[in-house]
Amino acid sequence: MGFDGVSRDALTYVFTDIVGSTELWEHEPSRMGAAVQASEELQHRHIEAFRGRVFKHAGNGLGATFTVPSDAVLAAGAIQIDIVGREWRDGGLPLRIGMNTGEAEARVGDYFGSPVNLAARIMSVAQGGQVLISSVTAATARPQLAPEYSLDDVGEAWLRGFEHAHRLVQLGHRELRSDFPRLAQRSDVDRSLPTPTTTLVDRVEEMASVMGTLERGRIVTLVGPPGVGKSRLALEVARRAFDRWSHGSVWCSLEEATSAEQALHVIAAAIDVSDLGGDPIEDIVVHLAHREVLVVLDNVEHLVEPVRDLVNEMILHCANVALLATSQEPLRISGEVVCVVEPLACGRTGAGPAEMLFIDRAQSTGGQLGGSEENAHRISELCARLDGIPLAIELAAARVRSMTLAEMETALDQRFKLLTTRDHGRARPSRHQTLYRAMEWSYELLDVRGRAMFELLGVFSGGAHLDAVEFVAEHSEVDVGDAGETLWELVEKSLVRTDTSGETTRFTMLASLHAFALDRHVAHGTLMVAERSHAAFYLSFAETAERERSGPDERWWVDAQLREFDNLRSAVAYSLASGDIDTALRIFVAMYEIASMQGRVEVFDWVDPSTLLDSGHVLVPAALAMSGLRHDPLMPSSLDAAEEAIRTFAEDGGRMHRILPFARGFAEASRQHHGAALAAYEDAARVVAETEGRNGRWITARCLVHMFAPDTAAAETLVADARRVGQPTGIAFSYLVLARALRDSRPEEALRLTEAAAELSATVDNRHVSVYVDLTRAGVLAHGARPEGALEFLLRALVSAVELGQHEVMWRSVGDIAAVLQRLGDDDHAVELLQMWVGHYPGGPEAAERRFSVTVSSVDALGDAASFDELLAHTRDIVASVCAASTNPATGAPSGTSSDTSSDNSSSDDWTGPLAGALSGAPRDEAVPPA
């Protein structure tokens with residue numbers, strides 16, 4: 001006994017394990033319980049007969065200790081001889097037994113230390129019916145053994161977890177089997193795996209997951225699109241986990257095999273079966289039946305059927321063999337665990353796994369990247385455009401020595417030309433020499449309908465739902481069979497991805513696969529027909545969405561429009577290119593609200609209506625009006641565009657599109673012509689009612705009318721009408737009208753209404769309305785006892801207006817911030833603010849003087865040259881300093897005001913000073929929102 005109270009007696013440790021128990025539990029569950037119990041009783045009987053003691057039961061085996069090594073050997077022999085004459089149901093389950101002698105620590109009935117671990121590892125490399133003994137135990141036990149037993153040297157074995165090989169002996173007896181396979185040497189394991197030529201970047205979580213799955217199951221298939229790194233991940237797993245199996249790991253690359261016969265010969269050669277007979281599968285299974293090994297089958301997708309037959313037999317008859325396969329589709333075998341290998345994640349600052357791979361591979365070629373922020377951004381953009389596919393990233397990184405990152409970005413428009421290796425050695429498989437070849441390999445494995453569906457998906461941008469795919473297939477007269485079934489086959493083959501975050505499944509493709517599908521379309525001359533069908537579907541979708549988003553389901557249709565944004569843009573581009581002006585203009589005009597309400601202002605750039613004047617299409621005026629709204633409405637050219645649209649329409653004599661009166665109202669409001677703006681918005685309400693009915697747009701038009709002179713009773717009626725219609729945007733706008741009406745009499749209720757409007761506008765991502773929520777809140781606060789509180793909301797409105805390109809709102813916000821600063825007695829900051837911004841005012845200082853009724857004789861350097869971002873930053877600084885200085889340290893209330901919020905607000909309109917005429921023609925918060 002040691003001084004620490006831990007026993008360190010030299011004992012012989014014996015471990016046993018039932019071989020093939022997993023299959024028996026699977027096929028004979030009702031009988032296995034009794035069989036295992038009978039086996040344990042048999043083992044206990046012989047162990048106790050030779051003075052041994054069972055100290056643990058683990059899984060389907062046990063551990064025992066013996067004071068005398070020869071007793072351990074004789075007990076093991078007696079157990080194996082007893083089993084020979086029994087049925088498995090009567091305790092005759094095949095056992096493997098291993099033992100070793102040494103000094104270990106005994107704690108709480110268990111034993112710990114290297115001698116115990118070695119005994120367990122020796123047992124793990126034994127076969128069913130075999131007893132393996134360490135050389136130490138054999139040397140001690142040999143003199144005491146009965147003559148009918150022999151101890152036969154079986155050579156050195158490499159054991160998991162031990163650095164050096166150990167010499168083992170096998171217990172022999174005339175009644176025991178002796179023809180067991182030779183023990184695995186470390187050289188066997190080392191030569192069975194290819195040597196990787198590059199480091200594996202990231203994939204830590206994936207490796208841990210796959211290795212954990214192999215511990216629990218016997219068949220794991222890594223699936224994923226071509227070039228995603230399945231083979232490299234499998235190789236790393238095999239290298240890191242090969243000590244889990246006593247016979248190591250075997251690598252079988254099936255890339256070059258073109259038939260079932262060739263595949264079986266490749267596998268046979270990898271596992272050292274030199275001669276295959278009439279039944280190759282049986283020969284392979286017999287060879288592996290008594291081995292503990294991980295078999296890696298790489299590139300299985302083109303030989304799934306024959307591989308499936310082999311694996312089924314291996315699982316049935318090779319109890320200690322595990323399978324790791326790589327494929328673009330699962331093997332579909334009972335017990336198979338499928339692990340999807342995803343592309344590498346792309347970071348925003350160059351720190352993601354995809355960027356790390358690019359940098360590693362670029363540096364390995366001797367390329368110089370530099371560490372600038374601009375380069376980090378370019379690398380991130382490149383990796384994102386390459387979908388994080390390792391093969392594509394590696395091929396691109398190899399070009400760093402001959403191309404700049406900027407040139408690579410441009411060259412990606414012809415990605416298959418760029419992503420071609422110049423290394424013609426054997427380091428890379430032939431199908432990975434170019435990205436195009438990797439795509440082509442997968443495409444050629446598809447049947448006729450699969451190829452047709454794959455090509456058809458190339459016409460969609462950003463994916464599609466099943467109904468869109470079915471429509472385009474039918475109207476393009478493409479035979480894809482059952483579209484749903486064919487799509488799922490492509491999903492199973494890792495060529496199509498699914499997005500199930502919505503109500504229905506959306507089918508998408510990685511950018512490289514999408515580009516390859518388009519390439520096939522062009523090669524087969526089928527692209528134009530598919531594009532026409534695609535445009536027809538999305539025209540119907542766009543007009544349906546435009547109609548339905550004006551009702552209670554606005555949220556759903558906004559989401560749907562944003563989801564299909566790329567498809568809608570593509571449909572417009574296809575239509576313009578093919579001369580289908582009608583489809584292009586109808587989709588363009590139907591997307592007006594997505595552009596103006598959700599802030600997707602790039603829609604305005606989809607069509608240049610000035611090039612379509614000669615077409616005579618009835619929607620050209622509306623498109624011209626939209627184009628005018630895209631640019632600064634204070635510029636004469638923008639106003640002229642809207643007015644020209646109206647004149648053109650009047651000459652045509654057709655039905656007025658609602659965009660026209662809304663555009664006229666916006667233009668007139670921008671010029672402070674409030675009477676004309678009011679008339680335009682009244683026209684808009686009439687046109688919407690006549691052409692669409694009393695929907696959410698009708699509510700919005702009425703709200704714009706009532707914004708000029710809010711009346712409580714009229715506003716309450718408007719709220720009631722809006723609630724009946726049920727469109728969130730209409731309800732939110734009506735709340736703002738009512739809030740303006742209640743501004744002076746019930747300011748707290750007015751603020752609550754703006755909060756409700758903010759929540760509603762957020763539910764439909766209506767950034768346009770959100771701006772007017774902030775302006776209305778600012779108006780309530782500025783006309784009350786808390787003018788400094790208005791600054792926060794005016795600043796938010798200014799930032800949003802700059803982001804959305806709402807120029808009139810931007811200048812209105814600038815003027816209102818200056819006016820509030822003057823209200824707080826800070827004329828210097830107010831004038832400074834205007835002098836900063838008027839450098840960007842259309843028409844220059846003279847126009848600014850007319851707008852703000854203040855002399856701005858010279859524009860400072862900041863305002864003249866600064867970007868909007870710089871102007872916003874400086875405006876934030878001014879607002880922050882003013883708000884900090886305006887707090888009364890004694891009461892916590894704004895200086896110059898009483899802490900009593902019930903003070904008389906009647907003087908709030910009686911502002912004096914140099915900015916009293918800002919936004920002349922309307923009170924400070926009487927801003928008229930555009931359509």
# chains A, B, ... in the order shown; residues from 1 in each chain; ligands from 1
>>> residues_around(residues="segment 10-25 of chain A", least_positions_apart="2", cutoff="8 Å", atoms="only C-alpha atoms", output="PyMOL selection string")
chain A and resi 8+27-29+32+59-69+72+93-104+115-116+119-120+123+127-128+137+316+319-320
>>> write_last_selection(atoms="N, CA and C atoms", output="short mmCIF file (atom, residue, chain, number, x, y, z; two decimals), in the first residue's frame")
data_model
loop_
_atom_site.label_atom_id
_atom_site.label_comp_id
_atom_site.auth_asym_id
_atom_site.auth_seq_id
_atom_site.Cartn_x
_atom_site.Cartn_y
_atom_site.Cartn_z
N ARG A 8 -1.12 -0.54 -5.10
CA ARG A 8 -0.36 -0.70 -6.34
C ARG A 8 0.19 -2.12 -6.44
N HIS A 27 -30.91 -8.32 -34.83
CA HIS A 27 -31.75 -9.34 -35.46
C HIS A 27 -32.40 -10.31 -34.47
N GLU A 28 -31.82 -10.44 -33.27
CA GLU A 28 -32.37 -11.37 -32.28
C GLU A 28 -32.52 -10.68 -30.91
N PRO A 29 -33.19 -9.55 -30.87
CA PRO A 29 -33.24 -8.80 -29.60
C PRO A 29 -33.90 -9.56 -28.47
N MET A 32 -31.16 -12.21 -27.20
CA MET A 32 -29.81 -11.78 -26.85
C MET A 32 -29.63 -11.55 -25.35
N GLY A 59 -20.15 -2.82 -21.43
CA GLY A 59 -20.73 -3.19 -22.71
C GLY A 59 -21.11 -4.66 -22.72
N ASN A 60 -20.53 -5.41 -23.65
CA ASN A 60 -20.80 -6.84 -23.75
C ASN A 60 -19.58 -7.67 -23.34
N GLY A 61 -18.83 -7.17 -22.38
CA GLY A 61 -17.67 -7.89 -21.89
C GLY A 61 -17.44 -7.57 -20.43
N LEU A 62 -16.32 -8.07 -19.89
CA LEU A 62 -16.02 -7.82 -18.49
C LEU A 62 -14.52 -7.71 -18.29
N GLY A 63 -14.13 -7.25 -17.08
CA GLY A 63 -12.75 -7.15 -16.69
C GLY A 63 -12.52 -7.95 -15.43
N ALA A 64 -11.38 -8.63 -15.36
CA ALA A 64 -11.08 -9.47 -14.20
C ALA A 64 -9.60 -9.33 -13.85
N THR A 65 -9.28 -9.63 -12.60
CA THR A 65 -7.87 -9.61 -12.15
C THR A 65 -7.49 -10.98 -11.58
N PHE A 66 -6.19 -11.30 -11.76
CA PHE A 66 -5.64 -12.54 -11.22
C PHE A 66 -4.31 -12.20 -10.53
N THR A 67 -4.10 -12.85 -9.40
CA THR A 67 -2.83 -12.66 -8.70
C THR A 67 -1.70 -13.41 -9.40
N VAL A 68 -2.03 -14.58 -9.97
CA VAL A 68 -1.04 -15.44 -10.64
C VAL A 68 -1.29 -15.38 -12.15
N PRO A 69 -0.32 -14.94 -12.96
CA PRO A 69 -0.53 -14.83 -14.41
C PRO A 69 -0.98 -16.12 -15.08
N ALA A 72 -4.63 -16.67 -14.98
CA ALA A 72 -5.37 -15.87 -15.96
C ALA A 72 -5.37 -16.56 -17.32
N LEU A 93 -21.53 -17.36 -27.27
CA LEU A 93 -21.21 -16.17 -28.06
C LEU A 93 -19.70 -16.05 -28.22
N PRO A 94 -19.20 -15.74 -29.42
CA PRO A 94 -17.75 -15.65 -29.64
C PRO A 94 -17.13 -14.52 -28.82
N LEU A 95 -16.06 -14.84 -28.13
CA LEU A 95 -15.37 -13.86 -27.28
C LEU A 95 -13.97 -13.61 -27.80
N ARG A 96 -13.51 -12.38 -27.65
CA ARG A 96 -12.09 -12.08 -27.82
C ARG A 96 -11.55 -11.71 -26.43
N ILE A 97 -10.34 -12.16 -26.15
CA ILE A 97 -9.79 -11.99 -24.81
C ILE A 97 -8.36 -11.48 -24.93
N GLY A 98 -8.03 -10.49 -24.11
CA GLY A 98 -6.67 -9.96 -24.05
C GLY A 98 -6.25 -9.76 -22.62
N MET A 99 -4.92 -9.86 -22.36
CA MET A 99 -4.45 -9.72 -20.97
C MET A 99 -3.05 -9.14 -20.93
N ASN A 100 -2.73 -8.55 -19.77
CA ASN A 100 -1.41 -7.99 -19.51
C ASN A 100 -1.18 -7.97 -18.00
N THR A 101 0.09 -7.97 -17.61
CA THR A 101 0.45 -7.97 -16.20
C THR A 101 1.22 -6.70 -15.87
N GLY A 102 0.91 -6.12 -14.72
CA GLY A 102 1.62 -4.92 -14.31
C GLY A 102 1.05 -4.35 -13.02
N GLU A 103 1.59 -3.21 -12.64
CA GLU A 103 1.20 -2.56 -11.40
C GLU A 103 0.33 -1.36 -11.73
N ALA A 104 -0.89 -1.35 -11.23
CA ALA A 104 -1.83 -0.27 -11.51
C ALA A 104 -2.45 0.24 -10.22
N PRO A 115 -0.77 -0.40 -17.55
CA PRO A 115 -0.92 -1.85 -17.71
C PRO A 115 -2.37 -2.27 -17.99
N VAL A 116 -3.31 -1.57 -17.35
CA VAL A 116 -4.73 -1.87 -17.58
C VAL A 116 -5.12 -1.47 -19.00
N ALA A 119 -3.87 -3.94 -21.56
CA ALA A 119 -4.67 -5.17 -21.60
C ALA A 119 -5.92 -4.97 -22.43
N ALA A 120 -6.56 -3.81 -22.25
CA ALA A 120 -7.78 -3.52 -23.02
C ALA A 120 -7.47 -3.39 -24.50
N MET A 123 -6.92 -6.80 -26.05
CA MET A 123 -8.21 -7.44 -26.31
C MET A 123 -8.83 -6.88 -27.59
N GLN A 127 -9.39 -11.47 -32.30
CA GLN A 127 -10.56 -11.89 -33.07
C GLN A 127 -11.46 -12.76 -32.18
N GLY A 128 -12.67 -13.02 -32.66
CA GLY A 128 -13.56 -13.92 -31.92
C GLY A 128 -12.95 -15.30 -31.79
N THR A 137 3.25 -11.06 -19.59
CA THR A 137 2.40 -12.09 -18.98
C THR A 137 2.82 -13.48 -19.46
N LEU A 316 -23.21 -6.76 -42.68
CA LEU A 316 -23.78 -8.01 -42.15
C LEU A 316 -22.72 -8.96 -41.61
N ALA A 319 -18.08 -7.52 -38.51
CA ALA A 319 -18.57 -6.85 -37.30
C ALA A 319 -17.71 -5.67 -36.88
N ASN A 320 -16.44 -5.67 -37.22
CA ASN A 320 -15.54 -4.63 -36.72
C ASN A 320 -15.05 -3.70 -37.83
#
>>> residues_around(residues="Phe793 of chain A", least_positions_apart="6", cutoff="9 Å", atoms="only C-alpha atoms", output="ChimeraX atom specification")
/A:771,773-778
>>> residues_around(residues="segment 353-362 of chain A", least_positions_apart="5", cutoff="10 Å", atoms="only C-alpha atoms", output="count of residues only")
39
>>> residues_around(residues="Trp698 of chain A", least_positions_apart="6", cutoff="7 Å", atoms="only C-alpha atoms", output="ChimeraX atom specification")
/A:685,688-689
>>> residues_around(residues="Arg555 of chain A", least_positions_apart="2", cutoff="9 Å", atoms="only C-alpha atoms", output="list in words")
Arg549, Pro552, Asp553, Trp557, Val558, Asp559, Ala560, Gln727, Pro728, Thr763, Val764 and Asp765 of chain A
>>> residues_around(residues="segment 478-488 of chain A", least_positions_apart="5", cutoff="7 Å", atoms="only C-alpha atoms", output="list in words")
Arg449, Gly450, Ala452, Met453, Leu466, Glu470 and Ala473 of chain A
>>> residues_around(residues="Phe50 of chain A", least_positions_apart="5", cutoff="8 Å", atoms="only C-alpha atoms", output="ChimeraX atom specification")
/A:71-72,74-75
>>> select_by_dssp(residues="segment 749-849 of chain A", states="alpha helix (DSSP H)", output="VMD selection string")
chain A and resid 749 to 763 767 to 782 787 to 804 807 to 823 827 to 837 845 to 849
>>> closest_residue(among="A:Arg332, A:Arg506, A:His673, A:His173", to="Val220 of chain A", atoms="only C-alpha atoms")
A:Arg332
>>> closest_residue(among="A:Arg232, A:Arg89, A:Arg746, A:Arg752", to="Thr197 of chain A", atoms="only C-alpha atoms")
A:Arg232
>>> atom_distance(atom1="atom CA of Ile284 of chain A", atom2="atom CA of Met314 of chain A")
8.3 Å
